[in-house]
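Novice: The structure follows.
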Amino acid sequence: MSAVTASSPQRLYPVRRRVPLTRVTKVELRKMFNTRSGFWLMASIVISAVLATGGVILWAPDDQLTYSTFATAIRFPVVIILPLIAILAVTSEWSQRAGLTTFTLIPHRSRIITAKAISSVLIAFAATVLAFAVGALGNLLSAGVTGTTPVWNVTLTQCLYYLLGMLLSLLTGFMLGVLLRSSTGAIVAYFVLTFVLPIVFGLLGDNQLWFHDLQPWIDIQFAQGGLFVFERALTAEQWAHIAVTGVTWLLLPMAIGLGFATRAEVK
Amino acid sequence: MITVEGVTRKYGSFTAVDDVTFTAHVGRVTGFLGPNGAGKSTTMRIMVGLTRATAGTITISGRHYVDLPNPGLDVGVLLDASAQHAGRTGREILTIAQQYMGLPRSRVDEMLDVVSLTPSEASRRVGNYSLGMRQRLGIATALIGDPSVLILDEPANGLDPAGIRWMRDLLRSYADRGGTVLLSSHLLHEIEVIADDIVMIGNGKIVSQGTKTELLHAAGTVVRAADLPRLDRALGQLAIATTRSQAGALLTDVDPVLVGKVALEAGVALSELRTADAGLEDMFLALTATSPREGTTT
Ligand SMILES: Nc1ncnc2c1ncn2[C@@H]1O[C@H](COP(=O)(O)OP(=O)(O)O)[C@@H](O)[C@H]1O
Ligand SMILES: [Mg+2]
C-alpha cells in the first residue's frame with residue numbers, strides 16, 4: 001500500500017457553496033452514458049434509426065419514399081428505447097444501489113430527480129434531432145437512387161408534434177421509474193402500459209359502445225395517436241384528450257412516486 | 001464532531017435503534033462496536049439522511065447533514081462498498097463524486113493513488129472488483145472532498161491484513177491532524193486496535209461507552225510470573241486483592257503500573273503484564289450470544 005497521504009482536514013477546499021442544479025444535471029447526463037447498459041441503449045438509438053432508414057429504402061414502394069415515411073419508420077424503435085433510458089436513469093439509484101452515494105452527496109433527492117428529468121428530456125431532444133437528420137439523409141439517398149426529387153412532406157408543426165410524442169413516451173418511462181424504483185418492475189410495467197393495455201382498450205372500444213366514446217379520454221396511446229400522423233393538425237378535442245390522459249397517466253402517478261422516492265429509506 | 005442525541009428508529013413495532021446518544025469527538029477515532037443487527041448501519045444511515053429517525057437528532061459540527069451545501073466537502077461517507085453500479089468503472093465512480101463536489105479533475109488520480117488502485121484496476125468495471133478493492137474505492141470516494149469528518153460502516157470488511165494495517169494508519173493520521181472518525185465494526189479486536197473511544201451497541205441500545213483506556217482499565221490487570229505465590233504475597237501485603245484465573249494467571253483490580261512496581265520491589269520476574277480486556281470482551285460476547293443475527297455478515 002502506498003504512503004498515507006490523506007491531507008489535513010479543512011485545508012484543500014474551504015469554500016462551501018450549494019451544488020448548482022446545472023452541475024448535478026451534467027453529472028446525471030454523464031451517468032446515463034458511463035455504464036455498459038447506458039452506453040448501448042444510447043448507441044441502439046443511432047443504430048436502430050439507421051436500420052429503419054435502410055429498411056425504408058430497401059422495401060418501401062417508390063411512391064412512398066417521402067420524408068414522413070422515414071420519420072415514421074425511425075420513430076418506432078426510438079420511441080421504445082427512450083423510455084427505457086429514462087427508466088434506467090432513475091431505477092439504477094435503487095436497483096443498483098448507486099443512490100447510497102448519490103443521495104449522500106446530494107441529500108435533497110428531489111434535486112437529483114429533477115436533474116434526471118432534465119437530462120432525459122435533453123436526450124429526447126437529441127434523439128428527435130437525430131431521427132430527423134437520419135431520415136433526411138435517407139430521403140436524399142433514396143431520391144438519388146431512384147433518380148427522383150426528394151419529397152419533404154413534413155411541416156415544422158408536425159416536427160413539434162413528433163417531438164412532443166417523443167417527450168410523452170419518455171415521461172411514461174420516467175414516471176414508472178420514479179413510481180416503482182425497480183428496473184425490472186418498471187420495464188415490465190412499461191411494456192404492459194404501452195403494448196398490452198392499448199390492445200385491451202382497443203378490444204373494449206370495438207365491442208362496447210359505451211367505451212368507444214370514452215376511449216380517447218382514457219387510453220393514453222390512443223389519445224396521442226394524432227401526434228405521429230403527418231397529415232393534419234390536432235383538433236382542440238384531441239389536445240384535450242392528450243391533456244386529460246397525460247394528467248391521469250403521467251402527472252398523478254409521478255406525484256405519488258415523487259412522494260415515495262423522496263421519503264423512502266435508501267439502503 | 002458528530003453529536004447523536006436520543007436517536008430512535010422503529011420499523012413497525014420493532015425498535016432497531018433505541019434512544020442512542022453519543023458524541024464522536026474531533027481528533028479521535030470513535031469505534032462503533034456491536035454484533036450484527038445491533039443497529040450500527042441504521043444509525044449511520046440516519047446520520048446522513050438516508051433513513052429518517054423516528055425520534056432524536058444528529059448534527060455534524062453543529063449542523064444537520066441535509067443542510068450542508070456540499071456535504072462531500074465536510075463529511076466523507078462509506079456505508080456499503082458494494083452499493084455501486086456494477087457496470088461502471090472505478091475511475092468513473094470516483095469521477096462522478098469529483099464532479100458532484102466540483103473538485104479539480106486531478107483529484108481522481110490523486111485518490112486512486114492514495115488507495116493504491118492501479119490505472120488498469122481503475123479502468124475495470126466495479127462488478128469485477130473484489131470486496132477489498134471496492135472498500136478501497138469507497139474510501140477514496142469518502143476522502144476525495146478532503147472532509148473533516150469520516151463516517152465509515154465496516155470499512156475493514158474484505159480487506160487483507162496489509163489493507164487493514166494501511167487503513168488503520170490512514171485513519172490514525174487523519175484523526176491526529178484534527179479529523180473526526182466514526183467507524184463501525186462487529187469485531188472487538190478491530191475496534192480495539194484502532195479506536196480511541198468506543199461506543200458499544202447491542203439490540204439498538206448503547207450498552208457501554210467511554211475511552212478505550214477507561215473501558216479496558218475497568219477490568220484491571222492480568223499478571224503472570226515464574227514465582228506467582230511470592231508476587232501474590234507481596235500484593236497481599238499492600239492490601240491488593242487478587243484472584244487466580246483458570247488459566248493460571250493472577251487478576252487484580254489495580255493498574256498494571258502498580259503491579260509492576262510491586263513485582264520489582266519483591267524481586268519477582270514477570271512473564272506477562274497487561275490490562276485485562278475481559279470486561280469488554282465478556283460484555284461483547286454476552287451481546288453476541290443473545291443477538292439473533294449471530295454469525296451473519298452485514
Ligand atoms: N427496513 C427495515 N425493516 C425492518 N427491520 C429492519 C429494517 N432495516 C433494518 N432492520 C433491522 O434493524 C436492525 C438493525 O440493523 P442494522 O442497523 O443493519 O444493524 P448492524 O449494522 O448493526 O448490523 C436489524 O435487526 C435489522 O433486521
Ligand atoms: Mg451493518
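Following the order of the C-alpha cells, first chain is A, next is B, and so on, with residues numbered from 1 inside each chain and ligands from 1 in the order they appear.
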Report the closest atom pair, with its distance in Å rounded to one decimal, for each residue of chain B that has an atom no farther than 6 Å from chain A; count only C-alpha atoms, sort by chain and then rising residue number, and write it as JSON lines.
Specialist:
{"residue": "B:Leu50", "atom": "CA", "partner": "A:Val266", "partner_atom": "CA", "distance": 5.3}
{"residue": "B:Thr51", "atom": "CA", "partner": "A:Glu265", "partner_atom": "CA", "distance": 4.8}
{"residue": "B:Val66", "atom": "CA", "partner": "A:Pro107", "partner_atom": "CA", "distance": 5.6}
{"residue": "B:Pro69", "atom": "CA", "partner": "A:Arg18", "partner_atom": "CA", "distance": 4.1}
{"residue": "B:Asn70", "atom": "CA", "partner": "A:Arg18", "partner_atom": "CA", "distance": 5.6}
{"residue": "B:Pro71", "atom": "CA", "partner": "A:Leu105", "partner_atom": "CA", "distance": 5.8}
{"residue": "B:Gly72", "atom": "CA", "partner": "A:Leu105", "partner_atom": "CA", "distance": 5.6}
{"residue": "B:Ala83", "atom": "CA", "partner": "A:Arg97", "partner_atom": "CA", "distance": 4.9}
{"residue": "B:Gln84", "atom": "CA", "partner": "A:Ala98", "partner_atom": "CA", "distance": 4.6}
{"residue": "B:His85", "atom": "CA", "partner": "A:Gln96", "partner_atom": "CA", "distance": 5.1}
{"residue": "B:Gly87", "atom": "CA", "partner": "A:Thr35", "partner_atom": "CA", "distance": 4.9}
{"residue": "B:Arg88", "atom": "CA", "partner": "A:Thr35", "partner_atom": "CA", "distance": 4.9}
{"residue": "B:Ser116", "atom": "CA", "partner": "A:Met1", "partner_atom": "CA", "distance": 5.9}
{"residue": "B:Asp146", "atom": "CA", "partner": "A:Pro9", "partner_atom": "CA", "distance": 5.9}
{"residue": "B:Pro147", "atom": "CA", "partner": "A:Pro9", "partner_atom": "CA", "distance": 5.8}
{"residue": "B:Ser148", "atom": "CA", "partner": "A:Pro9", "partner_atom": "CA", "distance": 4.6}
{"residue": "B:Leu170", "atom": "CA", "partner": "A:Val4", "partner_atom": "CA", "distance": 5.6}
{"residue": "B:Arg177", "atom": "CA", "partner": "A:Ser8", "partner_atom": "CA", "distance": 5.5}
{"residue": "B:Gly179", "atom": "CA", "partner": "A:Pro9", "partner_atom": "CA", "distance": 5.9}
Novice: Got a sec to tell me which of segment 14-260 of chain A DSSP assigns to helix (DSSP H, G or I), as a PyMOL selection string?
Specialist: chain A and resi 21-33+36-59+62-64+67-95+99-105+109-146+156-180+183-207+209-218+220-228+236-260
Novice: Between A:Gly259, A:Gly55, A:Pro253, A:Pro216, which residue has the minimum interatomic distance to Met175 of chain A, considering only C-alpha atoms?
Specialist: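 For Met175 of chain A, the nearest of the candidates is A:Pro253.
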Novice: Quick check for you: according to DSSP on this backbone, which residues of segment 216-268 of chain B are classed as strand (DSSP E)? Reply as a list in words.
Specialist: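 Strand (DSSP E) assignments inside segment 216-268 of chain B correspond to Thr221, Val222, Val223, Arg224, Ala225, Thr242, Thr243, Arg244, Leu250, Leu251 and Thr252 of chain B.
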Novice: Would you list the contacts of segment 31-39 of chain B as a PyMOL selection string, taking every protein, DNA or RNA residue within 6 Å and counting only C-alpha atoms, but skipping same-chain residues closer than 6 positions in sequence?
Specialist: chain B and resi 16-17+183-186+191+195+198-204+288+293
Novice: Could you pull the residues within 7 Å of segment 146-157 of chain A, counting only C-alpha atoms, minus those fewer than 3 positions along the same chain, as a PyMOL selection string?
Specialist: chain A and resi 66-68+139-140+142-143+160-161+230
Novice: Atom CA of Gly62 of chain B and atom CA of Thr8 of chain B, how far apart in Å?
Specialist: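 Atom-to-atom, atom CA of Thr8 of chain B and atom CA of Gly62 of chain B are spaced 19.4 Å apart.
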Novice: Point out the residue among B:Gly76, B:Pro155, B:Gly210, B:Gly27 with the least atom-to-atom distance to Arg134 of chain B, counting only C-alpha atoms.
Specialist: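 Between B:Gly76, B:Pro155, B:Gly210, B:Gly27, the residue approaching Arg134 of chain B most closely is B:Pro155.
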